[in-house]
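Reproduced below: query24.cif, with mmCIF, C-alpha atoms and all ligand atoms.
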```cif
data_model
#
loop_
_atom_site.label_atom_id
_atom_site.label_comp_id
_atom_site.auth_asym_id
_atom_site.auth_seq_id
_atom_site.Cartn_x
_atom_site.Cartn_y
_atom_site.Cartn_z
CA MET A 1 -20.88 -20.90 1.93
CA ASN A 2 -20.57 -23.22 -1.00
CA LEU A 3 -19.17 -20.75 -3.46
CA SER A 4 -16.41 -22.11 -5.65
CA SER A 5 -13.48 -19.77 -6.00
CA GLU A 6 -14.13 -19.48 -9.76
CA LYS A 7 -17.72 -18.39 -9.09
CA LEU A 8 -16.62 -15.99 -6.35
CA ARG A 9 -14.28 -14.23 -8.72
CA CYS A 10 -17.22 -13.16 -10.88
CA LEU A 11 -18.94 -11.47 -7.95
CA GLY A 12 -18.52 -7.91 -6.73
CA LEU A 13 -15.60 -6.74 -4.64
CA GLY A 14 -17.68 -6.35 -1.47
CA THR A 15 -18.83 -9.96 -1.81
CA ARG A 16 -15.34 -11.28 -2.53
CA ALA A 17 -14.04 -9.37 0.48
CA ILE A 18 -16.41 -11.33 2.72
CA HIS A 19 -16.51 -14.80 1.21
CA SER A 20 -13.13 -15.55 -0.36
CA GLY A 21 -10.69 -17.40 1.87
CA GLU A 22 -13.53 -18.16 4.30
CA GLY A 23 -14.75 -21.67 5.12
CA VAL A 24 -16.38 -23.93 7.69
CA ASP A 25 -13.94 -25.45 10.17
CA ALA A 26 -13.98 -29.20 9.62
CA GLU A 27 -13.79 -30.12 13.30
CA THR A 28 -15.99 -27.55 15.06
CA LYS A 29 -18.21 -26.38 12.17
CA ALA A 30 -17.33 -22.82 13.16
CA ILE A 31 -18.19 -20.59 10.20
CA ARG A 32 -15.15 -18.41 10.84
CA ARG A 33 -11.55 -19.37 10.31
CA PRO A 34 -9.72 -20.20 13.53
CA ILE A 35 -6.35 -18.69 14.44
CA VAL A 36 -3.76 -21.44 14.14
CA LEU A 37 -0.69 -20.65 16.22
CA ALA A 38 1.05 -24.04 15.92
CA ASN A 39 4.59 -23.70 14.65
CA SER A 40 4.95 -27.27 13.46
CA TYR A 41 2.84 -29.69 11.42
CA LYS A 42 2.85 -33.49 11.38
CA LEU A 43 4.90 -35.00 8.61
CA PRO A 44 3.85 -38.24 6.89
CA ASP A 45 5.64 -41.23 8.50
CA ASN A 46 6.77 -42.24 5.07
CA LEU A 47 8.67 -39.22 3.83
CA SER A 48 8.21 -40.30 0.22
CA GLU A 49 4.59 -39.17 0.65
CA LEU A 50 5.70 -35.57 1.09
CA PRO A 51 4.45 -33.38 -1.71
CA GLU A 52 7.31 -33.10 -4.19
CA SER A 53 7.51 -29.40 -4.14
CA PHE A 54 5.76 -27.74 -1.27
CA ASP A 55 2.88 -25.88 -2.81
CA ARG A 56 1.99 -23.05 -0.47
CA ASP A 57 -1.59 -23.09 -1.67
CA ARG A 58 -2.16 -26.67 -0.51
CA PRO A 59 -3.21 -27.18 3.11
CA GLN A 60 -1.46 -30.56 3.34
CA ALA A 61 1.85 -28.89 2.58
CA TYR A 62 2.21 -27.03 5.87
CA ASN A 63 5.34 -27.98 7.72
CA TYR A 64 6.73 -24.87 9.41
CA PRO A 65 4.98 -21.51 9.47
CA ARG A 66 7.89 -19.43 8.18
CA TRP A 67 7.11 -21.12 4.86
CA GLN A 68 3.35 -21.01 5.17
CA HIS A 69 0.58 -21.21 7.77
CA PRO A 70 -3.21 -21.41 7.53
CA ASN A 71 -4.04 -17.80 8.46
CA ALA A 72 -1.59 -16.44 5.89
CA ARG A 73 -3.07 -18.77 3.27
CA TYR A 74 -6.66 -17.67 3.98
CA LEU A 75 -5.63 -14.04 3.75
CA GLU A 76 -3.68 -14.64 0.53
CA GLU A 77 -6.72 -16.30 -1.03
CA ARG A 78 -8.89 -13.35 -0.05
CA LEU A 79 -6.51 -10.61 -1.18
CA ALA A 80 -5.85 -12.32 -4.52
CA ALA A 81 -9.60 -12.57 -5.12
CA MET A 82 -10.18 -8.96 -4.07
CA GLU A 83 -7.37 -7.49 -6.18
CA GLY A 84 -8.26 -9.76 -9.13
CA GLY A 85 -4.87 -11.48 -9.32
CA GLU A 86 -3.93 -15.14 -9.68
CA ALA A 87 -1.94 -15.37 -6.48
CA CYS A 88 -0.81 -13.44 -3.41
CA ALA A 89 1.99 -13.62 -0.85
CA VAL A 90 1.61 -11.90 2.51
CA PHE A 91 4.43 -10.70 4.75
CA ALA A 92 5.01 -9.21 8.18
CA SER A 93 4.85 -5.62 6.87
CA GLY A 94 4.61 -3.59 3.71
CA ILE A 95 8.36 -3.08 3.71
CA ALA A 96 8.89 -6.83 4.10
CA ALA A 97 6.76 -7.32 0.98
CA ALA A 98 8.80 -4.74 -0.93
CA ALA A 99 12.07 -6.28 0.25
CA ALA A 100 10.87 -9.73 -0.82
CA MET A 101 10.05 -8.38 -4.26
CA PHE A 102 13.32 -6.48 -4.71
CA PHE A 103 15.51 -9.35 -3.46
CA THR A 104 13.68 -11.78 -5.74
CA PHE A 105 13.81 -9.84 -8.98
CA LEU A 106 16.96 -7.72 -8.72
CA ASN A 107 20.44 -9.16 -9.14
CA ALA A 108 23.69 -7.21 -8.89
CA GLY A 109 23.97 -5.27 -12.14
CA ASP A 110 20.22 -5.07 -12.70
CA HIS A 111 18.47 -1.73 -12.90
CA ILE A 112 15.26 -0.52 -11.27
CA VAL A 113 13.27 2.60 -12.14
CA CYS A 114 11.33 3.85 -9.10
CA SER A 115 9.05 6.79 -8.27
CA HIS A 116 11.14 9.57 -6.78
CA ILE A 117 8.27 10.32 -4.46
CA CYS A 118 7.65 7.15 -2.55
CA TYR A 119 7.40 5.74 0.91
CA ILE A 120 10.63 6.70 2.63
CA GLY A 121 11.45 3.15 3.76
CA ILE A 122 11.35 1.93 0.16
CA HIS A 123 13.55 4.78 -0.95
CA GLU A 124 16.12 3.91 1.75
CA LEU A 125 15.97 0.19 1.06
CA LEU A 126 16.76 0.82 -2.61
CA CYS A 127 19.33 3.59 -2.24
CA GLU A 128 21.11 2.71 1.01
CA HIS A 129 21.16 -1.05 0.68
CA LEU A 130 20.46 -2.42 -2.79
CA ALA A 131 22.37 0.31 -4.63
CA LYS A 132 25.26 0.97 -2.23
CA ARG A 133 25.87 -2.55 -0.95
CA TYR A 134 24.50 -4.99 -3.52
CA GLY A 135 25.31 -3.38 -6.85
CA VAL A 136 21.78 -2.73 -8.06
CA GLU A 137 21.38 0.35 -10.28
CA VAL A 138 18.57 2.60 -9.05
CA SER A 139 16.98 5.49 -10.98
CA LEU A 140 14.51 7.65 -9.09
CA VAL A 141 12.34 9.58 -11.52
CA ASP A 142 9.14 11.57 -11.66
CA THR A 143 6.88 8.72 -12.73
CA SER A 144 3.99 11.12 -13.36
CA ASP A 145 5.97 12.13 -16.46
CA LEU A 146 5.89 9.29 -19.01
CA ASP A 147 8.86 10.70 -20.92
CA GLU A 148 11.00 10.62 -17.78
CA VAL A 149 10.10 6.99 -17.22
CA TRP A 150 10.85 6.06 -20.82
CA ASN A 151 14.17 7.93 -20.81
CA ALA A 152 15.25 6.23 -17.58
CA ILE A 153 14.87 2.73 -19.01
CA ARG A 154 18.17 0.93 -19.72
CA PRO A 155 18.94 -2.40 -21.37
CA ASN A 156 19.31 -3.94 -17.88
CA THR A 157 16.05 -2.52 -16.46
CA ARG A 158 14.38 -5.40 -14.71
CA LEU A 159 11.78 -3.73 -12.56
CA ILE A 160 9.73 -0.54 -12.70
CA HIS A 161 8.25 0.31 -9.30
CA VAL A 162 5.60 2.98 -9.20
CA GLU A 163 3.76 4.32 -6.20
CA THR A 164 0.38 5.86 -7.08
CA PRO A 165 -1.10 7.79 -5.38
CA ALA A 166 2.37 8.48 -3.98
CA ASN A 167 3.15 8.84 -0.31
CA PRO A 168 3.14 11.59 0.93
CA THR A 169 2.21 14.02 -1.86
CA THR A 170 -0.58 12.06 -3.65
CA ARG A 171 1.20 12.40 -6.99
CA ILE A 172 -0.50 10.18 -9.58
CA SER A 173 1.30 8.10 -12.22
CA ASP A 174 -0.32 6.67 -15.34
CA ILE A 175 -0.30 2.93 -14.69
CA GLY A 176 -1.48 1.92 -18.18
CA GLY A 177 1.09 4.11 -19.90
CA ILE A 178 3.98 2.76 -17.83
CA ALA A 179 2.70 -0.81 -18.25
CA ALA A 180 3.00 -0.40 -22.01
CA PHE A 181 6.67 0.61 -21.63
CA ALA A 182 7.35 -2.31 -19.30
CA ARG A 183 5.84 -4.74 -21.79
CA GLN A 184 7.83 -3.24 -24.64
CA VAL A 185 11.18 -3.66 -22.87
CA GLY A 186 10.40 -6.89 -21.00
CA ALA A 187 10.56 -5.33 -17.53
CA ILE A 188 8.25 -6.14 -14.64
CA LEU A 189 5.92 -3.37 -13.44
CA SER A 190 4.99 -3.34 -9.77
CA VAL A 191 2.58 -0.77 -8.35
CA ASP A 192 2.48 0.19 -4.68
CA SER A 193 -1.26 0.75 -4.40
CA THR A 194 -1.34 1.30 -0.63
CA PHE A 195 -2.81 4.82 -0.86
CA SER A 196 -5.66 3.58 -3.05
CA GLY A 197 -7.00 1.33 -0.30
CA MET A 198 -7.36 -1.38 -2.99
CA VAL A 199 -10.96 -0.59 -3.86
CA THR A 200 -10.37 2.68 -5.74
CA GLN A 201 -8.03 1.37 -8.44
CA SER A 202 -7.12 -1.89 -10.07
CA PRO A 203 -3.50 -1.81 -11.29
CA LEU A 204 -3.53 -5.40 -12.61
CA SER A 205 -6.40 -4.62 -14.96
CA LEU A 206 -4.39 -1.61 -16.20
CA GLY A 207 -1.45 -3.86 -17.10
CA ALA A 208 0.72 -3.97 -13.96
CA ASP A 209 2.41 -7.31 -13.28
CA MET A 210 2.31 -7.04 -9.49
CA VAL A 211 0.47 -4.92 -6.93
CA MET A 212 1.93 -4.23 -3.53
CA HIS A 213 0.04 -3.11 -0.41
CA SER A 214 1.00 -2.17 3.08
CA LEU A 215 -1.83 -3.97 4.84
CA SER A 216 -1.06 -1.85 7.92
CA LYS A 217 -2.93 1.08 6.35
CA TYR A 218 -6.43 1.03 4.83
CA ILE A 219 -6.76 -2.72 4.43
CA ASN A 220 -6.39 -3.42 8.13
CA GLY A 221 -7.75 0.03 8.80
CA HIS A 222 -8.05 -0.15 12.57
CA GLY A 223 -4.57 0.98 13.50
CA ASP A 224 -3.62 -2.26 15.20
CA GLY A 225 -1.92 -4.71 12.86
CA LEU A 226 1.09 -4.81 10.57
CA GLY A 227 1.25 -6.64 7.27
CA GLY A 228 2.16 -6.45 3.59
CA ALA A 229 1.09 -8.21 0.41
CA ILE A 230 2.05 -8.71 -3.20
CA ILE A 231 -0.55 -9.89 -5.69
CA GLY A 232 0.07 -10.96 -9.26
CA ARG A 233 0.62 -13.85 -11.65
CA HIS A 234 1.32 -17.31 -10.22
CA ASP A 235 4.81 -17.51 -11.71
CA LEU A 236 5.91 -14.20 -10.16
CA ILE A 237 4.43 -14.88 -6.74
CA ARG A 238 5.92 -18.37 -6.70
CA LYS A 239 9.36 -16.91 -7.39
CA ILE A 240 8.95 -14.44 -4.53
CA CYS A 241 7.90 -17.20 -2.14
CA GLU A 242 10.79 -19.45 -3.13
CA ALA A 243 13.35 -16.68 -2.81
CA ALA A 244 11.99 -14.74 0.11
CA THR A 245 9.58 -16.45 2.48
CA ILE A 246 12.07 -19.00 3.77
CA HIS A 247 15.23 -16.96 3.43
CA LEU A 248 14.15 -13.49 4.49
CA GLY A 249 11.78 -14.87 7.09
CA ALA A 250 9.44 -11.89 7.36
CA THR A 251 6.40 -14.05 8.03
CA ILE A 252 3.15 -12.43 9.08
CA SER A 253 1.93 -13.62 12.48
CA PRO A 254 -1.24 -15.73 12.42
CA PHE A 255 -2.96 -13.20 14.67
CA ASN A 256 -2.14 -10.25 12.42
CA ALA A 257 -3.23 -12.23 9.35
CA TRP A 258 -6.52 -13.00 11.08
CA LEU A 259 -7.03 -9.36 12.17
CA ILE A 260 -6.39 -8.09 8.66
CA MET A 261 -8.66 -10.73 7.14
CA ARG A 262 -11.45 -9.63 9.46
CA SER A 263 -10.88 -6.00 8.52
CA THR A 264 -11.17 -6.66 4.78
CA GLU A 265 -14.86 -7.42 5.25
CA THR A 266 -15.65 -3.76 5.83
CA LEU A 267 -13.05 -2.34 3.43
CA THR A 268 -15.45 -1.30 0.66
CA LEU A 269 -17.71 0.50 3.15
CA ARG A 270 -14.81 2.15 4.92
CA MET A 271 -13.18 3.33 1.70
CA GLN A 272 -16.46 4.82 0.51
CA LYS A 273 -16.61 6.93 3.67
CA HIS A 274 -12.90 7.88 3.55
CA CYS A 275 -13.35 9.02 -0.07
CA ASP A 276 -16.65 10.86 0.50
CA SER A 277 -15.31 12.69 3.55
CA ALA A 278 -12.04 13.66 1.85
CA MET A 279 -14.14 15.09 -0.99
CA GLU A 280 -15.70 17.42 1.60
CA VAL A 281 -12.55 18.23 3.57
CA ALA A 282 -10.31 18.97 0.56
CA PRO A 283 -12.47 21.78 -0.94
CA PHE A 284 -12.86 23.29 2.55
CA LEU A 285 -9.07 23.45 2.90
CA GLN A 286 -8.63 24.74 -0.63
CA SER A 287 -10.97 27.66 0.01
CA HIS A 288 -9.38 28.63 3.33
CA PRO A 289 -7.22 31.79 3.18
CA LYS A 290 -4.57 30.38 5.55
CA VAL A 291 -4.01 27.29 3.39
CA LYS A 292 -1.25 27.72 0.84
CA PHE A 293 -1.91 24.72 -1.38
CA VAL A 294 -3.92 21.51 -1.40
CA ARG A 295 -3.12 18.34 -3.29
CA TYR A 296 -6.04 15.95 -3.48
CA PRO A 297 -6.46 13.79 -6.60
CA GLY A 298 -10.22 14.43 -6.59
CA LEU A 299 -9.77 18.19 -7.01
CA GLU A 300 -9.36 19.71 -10.44
CA SER A 301 -6.41 21.65 -9.04
CA HIS A 302 -4.41 18.43 -8.59
CA PRO A 303 -1.68 18.32 -11.26
CA GLN A 304 -2.64 14.78 -12.34
CA HIS A 305 -6.39 15.04 -11.73
CA HIS A 306 -7.15 13.91 -15.30
CA VAL A 307 -5.06 10.72 -14.87
CA ALA A 308 -6.64 10.04 -11.48
CA ARG A 309 -10.12 10.33 -13.03
CA ARG A 310 -9.18 7.87 -15.72
CA GLN A 311 -7.68 5.18 -13.52
CA MET A 312 -9.39 5.58 -10.13
CA SER A 313 -13.06 5.07 -9.24
CA ALA A 314 -12.70 7.40 -6.23
CA PHE A 315 -9.80 9.38 -4.81
CA SER A 316 -9.07 7.82 -1.44
CA GLY A 317 -8.76 9.69 1.84
CA MET A 318 -5.26 11.17 1.68
CA ILE A 319 -4.85 14.94 1.40
CA ASN A 320 -1.62 16.90 1.19
CA PHE A 321 -1.71 20.59 2.12
CA GLY A 322 0.49 23.47 3.19
CA LEU A 323 -0.06 26.55 5.37
CA HIS A 324 1.08 30.10 4.93
CA GLY A 325 3.63 30.78 7.62
CA ASP A 326 6.68 29.19 9.19
CA ALA A 327 7.28 25.96 11.09
CA ALA A 328 6.01 27.63 14.28
CA SER A 329 2.67 28.18 12.56
CA TYR A 330 2.47 24.49 11.77
CA PHE A 331 3.25 23.62 15.38
CA ARG A 332 0.55 25.99 16.63
CA PHE A 333 -1.94 24.48 14.21
CA LEU A 334 -1.09 20.91 15.25
CA GLY A 335 -1.29 21.84 18.92
CA ARG A 336 -4.84 23.13 18.51
CA LEU A 337 -6.32 20.05 16.80
CA THR A 338 -8.65 18.14 19.09
CA ILE A 339 -10.03 15.29 16.96
CA ILE A 340 -7.24 14.78 14.46
CA THR A 341 -4.07 13.23 15.91
CA HIS A 342 -0.52 14.21 14.93
CA ALA A 343 0.93 10.75 14.33
CA VAL A 344 2.54 8.61 11.63
CA CYS A 345 0.57 6.02 9.64
CA LEU A 346 -2.64 6.42 7.67
CA GLY A 347 -5.86 4.73 6.67
CA HIS A 348 -7.11 4.28 10.22
CA ALA A 349 -10.64 4.85 11.50
CA GLU A 350 -9.29 7.90 13.35
CA SER A 351 -8.00 10.84 11.33
CA LEU A 352 -4.22 11.25 11.46
CA ILE A 353 -2.05 14.12 10.36
CA GLN A 354 1.71 14.28 9.90
CA PHE A 355 3.96 17.31 9.46
CA TYR A 356 6.80 17.10 6.93
CA PRO A 357 9.24 19.92 7.66
CA GLN A 358 11.15 21.39 4.77
CA ASP A 359 14.49 20.48 6.31
CA GLY A 360 13.34 16.98 7.22
CA ASP A 361 15.51 13.92 7.70
CA HIS A 362 15.72 13.13 4.02
CA PRO A 363 17.12 16.02 2.03
CA GLU A 364 18.11 13.58 -0.71
CA LEU A 365 14.44 12.90 -1.42
CA GLY A 366 14.37 16.58 -1.75
CA VAL A 367 11.94 19.32 -1.22
CA LEU A 368 12.54 19.68 -4.94
CA ASN A 369 10.48 16.59 -5.46
CA TYR A 370 7.62 17.87 -3.38
CA PRO A 371 5.24 20.60 -4.54
CA GLU A 372 7.27 23.68 -5.54
CA ASP A 373 5.19 25.79 -3.20
CA ILE A 374 6.03 23.63 -0.20
CA GLY A 375 7.44 26.59 1.75
CA GLU A 376 8.22 25.62 5.32
CA GLY A 377 6.85 22.13 4.94
CA PHE A 378 3.49 20.49 4.47
CA LEU A 379 0.94 18.25 6.13
CA ARG A 380 -0.31 14.83 5.16
CA LEU A 381 -3.86 14.28 6.35
CA SER A 382 -5.45 10.85 6.48
CA VAL A 383 -9.17 11.55 6.59
CA GLY A 384 -10.71 9.03 8.97
CA LEU A 385 -14.20 7.72 9.52
CA GLU A 386 -15.40 10.48 11.85
CA GLU A 387 -18.17 12.72 10.55
CA PRO A 388 -16.70 15.09 7.96
CA GLU A 389 -18.41 18.15 9.49
CA ASP A 390 -16.61 17.44 12.78
CA LEU A 391 -13.27 17.14 10.99
CA ILE A 392 -13.85 20.39 9.12
CA ALA A 393 -14.79 22.16 12.38
CA ASP A 394 -11.62 20.81 14.02
CA LEU A 395 -9.44 22.02 11.13
CA GLU A 396 -11.22 25.38 11.08
CA GLN A 397 -10.69 26.14 14.78
CA ALA A 398 -7.04 25.00 14.58
CA LEU A 399 -6.45 27.23 11.53
CA GLU A 400 -7.51 30.18 13.70
CA ALA A 401 -4.24 29.65 15.60
CA VAL A 402 -2.24 30.26 12.43
CA PRO A 403 -1.19 33.92 12.20
CA VAL A 404 -2.27 35.73 9.04
C1 LIG B 1 3.33 2.45 4.97
C2 LIG B 1 3.70 2.25 3.58
C3 LIG B 1 4.61 1.25 3.22
C4 LIG B 1 5.30 0.39 4.25
O1 LIG B 1 4.41 -0.46 4.88
P1 LIG B 1 4.64 -1.00 6.39
O2 LIG B 1 3.48 -1.91 6.58
O3 LIG B 1 4.62 0.19 7.28
O4 LIG B 1 5.95 -1.71 6.41
C5 LIG B 1 4.88 1.08 1.88
N1 LIG B 1 4.31 1.85 0.93
C6 LIG B 1 3.44 2.83 1.26
C7 LIG B 1 2.84 3.66 0.17
C8 LIG B 1 3.11 3.07 2.58
O5 LIG B 1 2.25 4.06 2.87
#
```
In structure tokens, how does this file's structure come out?
Amino acid sequence: MNLSSEKLRCLGLGTRAIHSGEGVDAETKAIRRPIVLANSYKLPDNLSELPESFDRDRPQAYNYPRWQHPNARYLEERLAAMEGGEACAVFASGIAAAAAMFFTFLNAGDHIVCSHICYIGIHELLCEHLAKRYGVEVSLVDTSDLDEVWNAIRPNTRLIHVETPANPTTRISDIGGIAAFARQVGAILSVDSTFSGMVTQSPLSLGADMVMHSLSKYINGHGDGLGGAIIGRHDLIRKICEAATIHLGATISPFNAWLIMRSTETLTLRMQKHCDSAMEVAPFLQSHPKVKFVRYPGLESHPQHHVARRQMSAFSGMINFGLHGDAASYFRFLGRLTIITHAVCLGHAESLIQFYPQDGDHPELGVLNYPEDIGEGFLRLSVGLEEPEDLIADLEQALEAVPV
């Protein structure tokens, strides 16, 4: 464990995921980072010895954990190394990370272009709060269409926020193409890469300025911790920390930071299995007569399959599909599943499925924005780490409950 961080950065992702941010505890010689729960740190007796500006990356600069604490710092070091960015800031949840980013970079009168298919909490944060109450201009567009993105840009566009693959439909947006626009107009491009599980795409290398992750999904992966992260250039991350860590206060708990850090060690292995299994489950669904449509970026039938192939090394474990029949058919199907659980969230070891009814809670997001053939709704399946043949058998017997 004597790898310098420069040397580590040249090594493979699986190696970085295990060794970055790790270290030998000075007091006990434990080779694992301890969980530090203290909420105060000793100040120098002579206050003139305080570091001039608290640098969150320096251990001696801890004072109060809302600003920074050791477990957050270890995790930030690891995630920055894994994603290939200069710096990282972690937060209590994915939404907290998004809020930190939006509050930092958007002033009243600024404009943001955002995917019109995106995580519902982000949509609401932008439209209900930033637009209605704080005077931020919000354009929601189909970011899989480069012309739409270009046409939405205004002189006051500050941020372009793209979710790819998008939650819940797996729509893919061309990160490199949008990055070129952002550069041309001097806007910042952030990519919510949560669905990619980090290891299947690398938005920074495609020109994004910042990458956002809900750590509560694949990166933690065990269905038991909440967290969020933003990774990018030092200057951008520093701005976010100055504006948001102290004043928004959405600090990750040391225990959650530790849990997530432990989970990253198996991320490359887990993602491989999620991707391989989804590549078996998706064609099974596509060939089933009771399935109306399947959206999986790894299938040629996916509308942006060619973009996914260009920018992703594998296609993650999220599948979107619809059934022939009405809502009652969906309920019967869900009621028959024995291995796969009907629950929110994704990226866990266990497979999860969620039903999105056509007349759901968010008509403004619009069925229009979802696949045209959505019918009575659709399902979002997070393919877990169970054996794919067992998942297929579970889906097959539950599909028997769907009337023809
Ligand atoms: C879950 C999710 C979020 C929000 O993250 P939380 O950790 O639940 O706050 C943001 N973006 C995407 C794509 C998500 O799936």
- [ ] Would you mind listing what lies within 7 Å of Arg32 in chain A as a VMD selection string, with only C-alpha atoms counted and same-chain residues fewer than 2 positions away left out?
- [x] chain A and resid 22 to 24 30 34
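Every protein, DNA or RNA residue with an atom at most 7 Å from range 309-314 of chain A, where all atoms listed in the file count and chain neighbours fewer than 3 positions away do not, is listed here: A:Thr200, A:Gln201, A:Cys275, A:His305, A:His306.
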Find the nearest atom pair between each residue of chain A and ligand LIG 1 (chain B) for residues within 8 Å, count all atoms listed in the file, give distances in Å to one decimal, sort rows by chain and ascending number, and present the table as a tab-separated table.
```
residue	atom	partner	partner_atom	distance
A:Ala92	CA	B:LIG1	O2	7.6
A:Ser93	CA	B:LIG1	O2	4.0
A:Gly94	CA	B:LIG1	O1	3.3
A:Ile95	CA	B:LIG1	O4	3.9
A:Ala96	CA	B:LIG1	O4	6.3
A:Ala97	CA	B:LIG1	O4	7.8
A:Ala98	CA	B:LIG1	C5	7.6
A:Cys118	CA	B:LIG1	C7	6.5
A:Tyr119	CA	B:LIG1	C6	4.9
A:Gly121	CA	B:LIG1	C4	6.8
A:Ile122	CA	B:LIG1	C5	6.7
A:Glu163	CA	B:LIG1	C7	6.5
A:Thr164	CA	B:LIG1	C7	8.0
A:Pro165	CA	B:LIG1	C7	8.0
A:Ala166	CA	B:LIG1	C7	6.4
A:Asn167	CA	B:LIG1	C7	5.2
A:Pro168	CA	B:LIG1	O5	7.8
A:Asp192	CA	B:LIG1	C7	6.0
A:Ser193	CA	B:LIG1	C7	6.8
A:Thr194	CA	B:LIG1	C7	4.9
A:Phe195	CA	B:LIG1	C7	5.9
A:Met212	CA	B:LIG1	N1	7.9
A:His213	CA	B:LIG1	N1	6.7
A:Ser214	CA	B:LIG1	O1	4.2
A:Leu215	CA	B:LIG1	O2	6.0
A:Ser216	CA	B:LIG1	O2	4.7
A:Lys217	CA	B:LIG1	C1	6.6
A:Leu226	CA	B:LIG1	O2	5.5
A:Gly227	CA	B:LIG1	O2	5.3
A:Gly228	CA	B:LIG1	O2	5.6
A:Cys345	CA	B:LIG1	C1	6.5
A:Leu346	CA	B:LIG1	O5	7.2
```
TODO: Go ahead and compute the interatomic distance for CA of Thr169 in chain A and CA of Leu379 in chain A, in Å to one decimal.
DONE: 9.1 Å
- [ ] Mind checking which residues fall within 10 Å of Gly347 in chain A, counting all atoms listed in the file, ignoring those fewer than 4 positions away in the same chain, and posting them as number ranges by chain?
- [x] A: 194-197, 215-223, 270-271, 274, 316-318, 351-352, 381-385
Please define a box with edges along x, y and z of the file around all atoms of range 125-138 of chain A given in the file, extend it by 8 Å on each side, and return its centre and edge lengths in Å to one decimal, as JSON.
```
{"center_x": 20.9, "center_y": -0.7, "center_z": -4.6, "size_x": 25.9, "size_y": 24.6, "size_z": 27.3}
```
Open item on the list: Would you compute the distance between CA of Leu323 in chain A and CA of Ile392 in chain A? Give it in Å to one decimal.
Closed with: 15.6 Å
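For the pair CA of Glu265 in chain A and CA of Thr15 in chain A, the separation is 8.5 Å.
Proximity of A:Ala229, A:Ile18, A:Leu206, A:Ile178 to Ala80 in chain A, computed with all atoms listed in the file, is greatest for A:Ala229.
Take the candidates A:Phe378, A:Trp258, A:Tyr62, A:Phe315 and check each one against Ser277 in chain A using all atoms listed in the file; the shortest distance goes to A:Phe315.
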Task: Neighbour list for Ala108 in chain A as a PyMOL selection string, cut-off 6 Å, only C-alpha atoms, skip fewer than 3 positions in-chain - done: chain A and resi 134-136
Spatial neighbours of range 281-296 of chain A, max dist 6 Å, only C-alpha atoms, sep filter under 5 positions, as a CSV table (one decimal) with C-alpha atoms, in the coordinates of the input:
```csv
chain,number,residue,atom,x,y,z
A,302,HIS,CA,-4.4,18.4,-8.6
A,319,ILE,CA,-4.8,14.9,1.4
A,320,ASN,CA,-1.6,16.9,1.2
A,321,PHE,CA,-1.7,20.6,2.1
A,322,GLY,CA,0.5,23.5,3.2
A,323,LEU,CA,-0.1,26.6,5.4
A,324,HIS,CA,1.1,30.1,4.9
```
